[in-house]
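Shown next, in structure tokens, is the structure this report addresses.
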Amino acid sequence: MEKSLNYSTSAPTLKRSLKLWQVIVLGLGYLTPLTVFDTYGIVSQETGGHVPTAYILALAAMLFTASSYGKMVRVFPVAGSAYSYARQAINPHIGFLVGWVSLLDYVFLPVINVLLGKIYLSAAFPMVPGWILGILLAAVTTFINFRGIQSTANFNTLLVVFQVIVVVVFIGLSISHISAAANGESAFTIQPFYGEAISFPTLLTGAAILCFSFLGFDAVTTYTEEAVDPMKTIPRGIFLVALIGGVIFITTSYFTQLAFPVVDQFQNPESPSPEMSMILGQDLFYAFFVAGSITAALASGIASHTSASRLLYVMGRENVLPRKLFGHLHPTRGIPARNVFFVGAVSLAALFLDLETALAFINFGALTAFTAVNASVIAHYYIRNQRRSLADTYRYLLAPLCGTSFVAFLWYNLDSHALTLGLLWTLAGIGYLLIGTKFFTKKPPVIDFEEAI
């Protein structure tokens with residue numbers, strides 16, 4: 001018989017204080033509005049100048065998976081995200097492996113952001129050694145997270161607002177640039193969305209790249225136990241983070257594509273945003289744009305740090321990971337403080353890892369989580385609870401299958417480096433599970449969800 005974990009009412013608990021707008025801001029901080037510029041050059045080349053259309057396809061695909069997250073959080077309103085859903089809806093052992101692999105996404109994203117922040121800061125302050133800048137970034141994100149979820153949300157709000165200002169100024173300068181180049185002719189066309197040379201296969205390939213710009217909407221579920229009225233707040237937050245992010249990406253890429261329809265003119269066509277900012281606003285806007293890039297790395301680093309510490313807390317609380325370390329809450333702050341410091345320490349891996357390796361871990365972990373959540377909807381609603389009316393068949397079978405289909409396309413396009421590292425990590429998780437369950441002769445303990453709501 002499975003052992004259920006009950007939590008005393010006198011024990012510290014995560015504090016419910018996050019409102020919908022704070023959840024959205026944390027999600028957008030994780031998503032990073034300025035990430036639209038990181039992939040613009042590559043996707044513009046791949047799609048023949050139709051980045052906005054590729055974003056529309058990516059958004060449509062991600063909204064199916066976002067909908068699946070919303071469905072699952074209504075029945076399992078806890079902070080464990082894909083791990084908790086697969087554990088309850090499919091199988092405890094499958095849930096463990098999903099959580100184990102999802103750690104790649106959640107724990108390595110803070111590493112990515114320290115890496116990116118170090119790159120941007122090194123460009124702005126070349127006289128400071130990179131390892132010092134990396135340690136400084138990891139220390140700042142750890143300190144902000146240790147102050148508590150409200151401080152984290154409020155500080156991240158400032159960072160996200162600054163990024164949005166950078167995007168708005170970029171669009172404004174692009175419009176001015178487009179109008180000046182038009183010489184009185186019609187400047188604003190549908191060419192970035194549709195042209196004679198448009199190709200659906202290349203659009204799909206571009207969309208597969210751009211889907212990784214949406215990583216972060218799923219992290220909203222890790223704030224479930226800290227949100228006010230999570231049954232409404234979190235599903236809305238998930239959907240709105242994906243939708244708002246998509247609108248920002250589509251709008252920005254449209255005006256960027258009009259202003260710079262061909263990226264081959266740049267010295268670095270795969271990453272032309274610094275050169276574009278210099279053309280649009282000279283040194284002043286270039287400095288402003290670089291500041292925005294540093295802010296983006298910090299905002300995403302803070303939000304991903306928060307999410308990683310919460311996922312580790314749920315796995316520790318259930319004793320899947322050592323409970324004394326990972327399942328502990330600070331008695332007054334109501335946060336998993338030990339996990340906050342643990343993630344901060346892991347972030348220092350940015351001093352030794354390269355960007356390609358860290359990205360490989362993240363992509364494998366994210367796709368595993370997306371696949372598991374879509375499968376959990378089918379397993380819980382359609383199979384276990386037999387919700388099979390015509391409308392339910394669409395909601396609980398066809399919609400998650402659509403999400404799964406596009407995720408399968410992303411799996412197909414995943415590079416071999418990511419697959420190799422991800423499979424090695426998965427094998428390590430299987431070994432850990434075999435030892436922890438004495439070769440599946442016992443099940444991992446199960447959380448009492450009534451105590452977590």
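Residues are named by chain letter and number: chains run A, B, ... in the order of the structure tokens, numbers start at 1 in each chain, and ligands are numbered from 1 in the order shown.
Summary of the local environment: counting only C-alpha atoms, residues at most 12 Å from Lys19 (chain A), other than itself and those fewer than 5 positions away along its chain, are Ile24, Val25, Leu26, Ile149, Gln150, Ala153, Asn154, Tyr223, Thr224, Glu225, Glu226, Ala227, Val228, Asp229, Pro230, Lys232, Thr233, Ile234, Arg236 and Gly237 of chain A.
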(message) Could you list, as a list of chain:residue names, every residue within 6 Å of region 253-266 of chain A, counting only C-alpha atoms and ignoring same-chain residues fewer than 4 positions away?
(response) A:Pro52, A:Ser174, A:Ile178, A:Phe249
Take the residues that were just selected and, keeping N, CA, C and O atoms, output them as a short mmCIF file (atom, residue, chain, number, x, y, z; two decimals), in the first residue's frame.
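The resulting file, result00.cif, is shown below:
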```cif
data_model
loop_
_atom_site.label_atom_id
_atom_site.label_comp_id
_atom_site.auth_asym_id
_atom_site.auth_seq_id
_atom_site.Cartn_x
_atom_site.Cartn_y
_atom_site.Cartn_z
N PRO A 52 7.60 36.34 -38.84
CA PRO A 52 6.32 36.46 -38.12
C PRO A 52 5.38 35.27 -38.35
O PRO A 52 4.70 34.82 -37.41
N SER A 174 12.33 51.27 -35.77
CA SER A 174 12.17 50.49 -37.00
C SER A 174 11.14 51.14 -37.92
O SER A 174 11.34 51.21 -39.14
N ILE A 178 11.82 52.37 -41.61
CA ILE A 178 11.03 51.86 -42.74
C ILE A 178 10.43 53.01 -43.54
O ILE A 178 10.48 53.04 -44.76
N PHE A 249 6.41 38.67 -29.72
CA PHE A 249 7.33 38.10 -30.71
C PHE A 249 6.87 38.38 -32.14
O PHE A 249 7.67 38.75 -33.00
#
```
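Near Ser300 (chain A), within a cut-off of 10 Å and counting only C-alpha atoms, sit the residues A:Leu26, A:Gly27, A:Leu28, A:Gly29, A:Tyr30, A:Leu31, A:Thr32, A:Pro33, A:Leu109, A:Pro110, A:Ile112, A:Asn113, A:Val114, A:Thr141, A:Asn156, A:Leu159, A:Val160, A:Gly216, A:Thr306, with same-chain residues fewer than 6 positions away left out.
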Would you export the selected residues with N, CA, C and O atoms as a PDB file, in the first residue's frame, please?
```pdb
ATOM      1  N   LEU A  26       6.211  37.009 -13.770  1.00  0.00           N
ATOM      2  CA  LEU A  26       7.241  35.989 -13.549  1.00  0.00           C
ATOM      3  C   LEU A  26       7.390  35.099 -14.784  1.00  0.00           C
ATOM      4  O   LEU A  26       8.501  34.753 -15.196  1.00  0.00           O
ATOM      5  N   GLY A  27       6.242  34.721 -15.394  1.00  0.00           N
ATOM      6  CA  GLY A  27       6.289  33.904 -16.595  1.00  0.00           C
ATOM      7  C   GLY A  27       6.950  34.625 -17.752  1.00  0.00           C
ATOM      8  O   GLY A  27       7.761  34.044 -18.485  1.00  0.00           O
ATOM      9  N   LEU A  28       6.624  35.925 -17.931  1.00  0.00           N
ATOM     10  CA  LEU A  28       7.245  36.698 -19.013  1.00  0.00           C
ATOM     11  C   LEU A  28       8.726  36.914 -18.747  1.00  0.00           C
ATOM     12  O   LEU A  28       9.530  36.960 -19.691  1.00  0.00           O
ATOM     13  N   GLY A  29       9.087  37.044 -17.464  1.00  0.00           N
ATOM     14  CA  GLY A  29      10.505  37.146 -17.137  1.00  0.00           C
ATOM     15  C   GLY A  29      11.248  35.887 -17.530  1.00  0.00           C
ATOM     16  O   GLY A  29      12.361  35.936 -18.062  1.00  0.00           O
ATOM     17  N   TYR A  30      10.631  34.749 -17.275  1.00  0.00           N
ATOM     18  CA  TYR A  30      11.197  33.459 -17.672  1.00  0.00           C
ATOM     19  C   TYR A  30      11.252  33.373 -19.193  1.00  0.00           C
ATOM     20  O   TYR A  30      12.232  32.931 -19.789  1.00  0.00           O
ATOM     21  N   LEU A  31      10.159  33.798 -19.856  1.00  0.00           N
ATOM     22  CA  LEU A  31      10.053  33.728 -21.312  1.00  0.00           C
ATOM     23  C   LEU A  31      11.073  34.634 -21.993  1.00  0.00           C
ATOM     24  O   LEU A  31      11.645  34.277 -23.027  1.00  0.00           O
ATOM     25  N   THR A  32      11.275  35.836 -21.426  1.00  0.00           N
ATOM     26  CA  THR A  32      12.210  36.843 -21.916  1.00  0.00           C
ATOM     27  C   THR A  32      11.754  37.470 -23.235  1.00  0.00           C
ATOM     28  O   THR A  32      12.032  36.928 -24.313  1.00  0.00           O
ATOM     29  N   PRO A  33      11.061  38.621 -23.195  1.00  0.00           N
ATOM     30  CA  PRO A  33      10.608  39.273 -24.425  1.00  0.00           C
ATOM     31  C   PRO A  33      11.712  39.528 -25.443  1.00  0.00           C
ATOM     32  O   PRO A  33      11.477  39.442 -26.654  1.00  0.00           O
ATOM     33  N   LEU A 109      18.490  26.171 -16.929  1.00  0.00           N
ATOM     34  CA  LEU A 109      18.174  27.496 -17.456  1.00  0.00           C
ATOM     35  C   LEU A 109      18.853  28.604 -16.648  1.00  0.00           C
ATOM     36  O   LEU A 109      19.342  29.581 -17.234  1.00  0.00           O
ATOM     37  N   PRO A 110      18.914  28.512 -15.306  1.00  0.00           N
ATOM     38  CA  PRO A 110      19.720  29.518 -14.598  1.00  0.00           C
ATOM     39  C   PRO A 110      21.181  29.529 -15.057  1.00  0.00           C
ATOM     40  O   PRO A 110      21.804  30.598 -15.088  1.00  0.00           O
ATOM     41  N   ILE A 112      22.163  28.848 -18.140  1.00  0.00           N
ATOM     42  CA  ILE A 112      22.129  29.546 -19.429  1.00  0.00           C
ATOM     43  C   ILE A 112      22.134  31.058 -19.218  1.00  0.00           C
ATOM     44  O   ILE A 112      22.851  31.808 -19.894  1.00  0.00           O
ATOM     45  N   ASN A 113      21.311  31.516 -18.280  1.00  0.00           N
ATOM     46  CA  ASN A 113      21.185  32.953 -18.077  1.00  0.00           C
ATOM     47  C   ASN A 113      22.442  33.564 -17.476  1.00  0.00           C
ATOM     48  O   ASN A 113      22.783  34.709 -17.793  1.00  0.00           O
ATOM     49  N   VAL A 114      23.134  32.823 -16.635  1.00  0.00           N
ATOM     50  CA  VAL A 114      24.427  33.312 -16.146  1.00  0.00           C
ATOM     51  C   VAL A 114      25.427  33.371 -17.294  1.00  0.00           C
ATOM     52  O   VAL A 114      26.190  34.335 -17.425  1.00  0.00           O
ATOM     53  N   THR A 141      21.038  36.734  -8.348  1.00  0.00           N
ATOM     54  CA  THR A 141      19.795  35.972  -8.507  1.00  0.00           C
ATOM     55  C   THR A 141      19.480  35.160  -7.254  1.00  0.00           C
ATOM     56  O   THR A 141      18.318  35.034  -6.860  1.00  0.00           O
ATOM     57  N   ASN A 156      11.306  41.441 -10.468  1.00  0.00           N
ATOM     58  CA  ASN A 156      11.210  40.952 -11.842  1.00  0.00           C
ATOM     59  C   ASN A 156      10.270  41.825 -12.679  1.00  0.00           C
ATOM     60  O   ASN A 156      10.447  41.952 -13.887  1.00  0.00           O
ATOM     61  N   LEU A 159      12.275  44.536 -14.201  1.00  0.00           N
ATOM     62  CA  LEU A 159      13.126  44.041 -15.286  1.00  0.00           C
ATOM     63  C   LEU A 159      12.316  43.774 -16.546  1.00  0.00           C
ATOM     64  O   LEU A 159      12.768  44.068 -17.659  1.00  0.00           O
ATOM     65  N   VAL A 160      11.120  43.195 -16.390  1.00  0.00           N
ATOM     66  CA  VAL A 160      10.279  42.903 -17.550  1.00  0.00           C
ATOM     67  C   VAL A 160       9.784  44.198 -18.189  1.00  0.00           C
ATOM     68  O   VAL A 160       9.759  44.329 -19.426  1.00  0.00           O
ATOM     69  N   GLY A 216       9.053  28.610 -20.758  1.00  0.00           N
ATOM     70  CA  GLY A 216       8.791  29.471 -19.621  1.00  0.00           C
ATOM     71  C   GLY A 216       7.333  29.546 -19.247  1.00  0.00           C
ATOM     72  O   GLY A 216       7.004  29.689 -18.073  1.00  0.00           O
ATOM     73  N   THR A 306      13.716  30.647  -9.373  1.00  0.00           N
ATOM     74  CA  THR A 306      12.538  30.428  -8.542  1.00  0.00           C
ATOM     75  C   THR A 306      11.866  29.100  -8.881  1.00  0.00           C
ATOM     76  O   THR A 306      11.529  28.303  -8.003  1.00  0.00           O
TER      77      THR A 306
END
```
(request) Using DSSP on the backbone, list every residue of region 184-394 of chain A that comes out as alpha helix (DSSP H), and give them as a PyMOL selection string. (result) chain A and resi 200-210+230-259+273-317+323-326+337-347+355-377+390-393
Exercise: Arg310 (chain A) partners within 12 Å, only C-alpha atoms, chain neighbours under 3 positions left out, as an mmCIF file with C-alpha atoms, in the first residue's frame:
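Printed below is part-v3.cif as written:
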```
data_model
loop_
_atom_site.group_PDB
_atom_site.id
_atom_site.type_symbol
_atom_site.label_atom_id
_atom_site.label_comp_id
_atom_site.auth_asym_id
_atom_site.auth_seq_id
_atom_site.Cartn_x
_atom_site.Cartn_y
_atom_site.Cartn_z
ATOM 1 C CA THR A 13 4.275 26.114 4.055
ATOM 2 C CA LEU A 14 4.725 28.048 0.836
ATOM 3 C CA VAL A 78 0.689 21.752 -6.657
ATOM 4 C CA ALA A 79 4.104 23.146 -7.527
ATOM 5 C CA GLY A 80 5.560 20.038 -9.153
ATOM 6 C CA SER A 81 4.430 20.846 -12.727
ATOM 7 C CA TYR A 83 6.417 15.794 -12.588
ATOM 8 C CA GLY A 99 10.640 15.047 -12.973
ATOM 9 C CA LEU A 103 15.298 19.049 -13.924
ATOM 10 C CA TYR A 106 14.597 23.956 -14.834
ATOM 11 C CA VAL A 107 18.057 23.655 -13.271
ATOM 12 C CA ASN A 145 15.215 34.705 -4.512
ATOM 13 C CA ILE A 149 8.514 35.341 -3.556
ATOM 14 C CA ALA A 219 7.179 27.288 -15.395
ATOM 15 C CA VAL A 220 4.128 29.203 -14.186
ATOM 16 C CA THR A 221 2.797 25.903 -12.787
ATOM 17 C CA THR A 222 5.660 25.783 -10.276
ATOM 18 C CA TYR A 223 4.116 28.830 -8.548
ATOM 19 C CA THR A 224 0.813 27.006 -7.935
ATOM 20 C CA GLU A 225 1.226 26.712 -4.173
ATOM 21 C CA GLU A 226 2.159 30.390 -3.868
ATOM 22 C CA ALA A 303 12.416 33.493 -12.647
ATOM 23 C CA SER A 304 14.074 30.213 -13.626
ATOM 24 C CA HIS A 305 15.911 30.139 -10.294
ATOM 25 C CA THR A 306 12.538 30.428 -8.542
ATOM 26 C CA SER A 307 10.980 27.639 -10.619
ATOM 27 C CA TYR A 313 11.144 21.296 -3.140
ATOM 28 C CA VAL A 314 8.205 19.180 -4.327
ATOM 29 C CA MET A 315 10.485 16.269 -5.222
ATOM 30 C CA GLY A 316 12.189 16.602 -1.836
ATOM 31 C CA ARG A 317 8.909 16.929 0.048
ATOM 32 C CA PHE A 326 15.333 19.547 -0.801
ATOM 33 C CA GLY A 327 12.060 19.265 1.143
ATOM 34 C CA HIS A 328 12.888 21.955 3.720
ATOM 35 C CA LEU A 329 11.185 25.363 3.997
ATOM 36 C CA GLY A 334 8.218 30.301 3.653
ATOM 37 C CA ILE A 335 10.589 29.532 0.774
ATOM 38 C CA PRO A 336 12.764 26.479 0.002
ATOM 39 C CA ALA A 337 15.888 28.393 1.047
ATOM 40 C CA ARG A 338 18.264 25.439 0.800
ATOM 41 C CA ASN A 339 17.113 24.829 -2.763
ATOM 42 C CA VAL A 340 17.611 28.507 -3.582
ATOM 43 C CA PHE A 342 21.621 24.870 -4.238
ATOM 44 C CA VAL A 343 20.404 26.287 -7.565
#
```
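Considering only C-alpha atoms, the residue among A:Leu433, A:Ile171, A:Leu353, A:Ala197 positioned nearest to Val111 (chain A) is A:Leu353.
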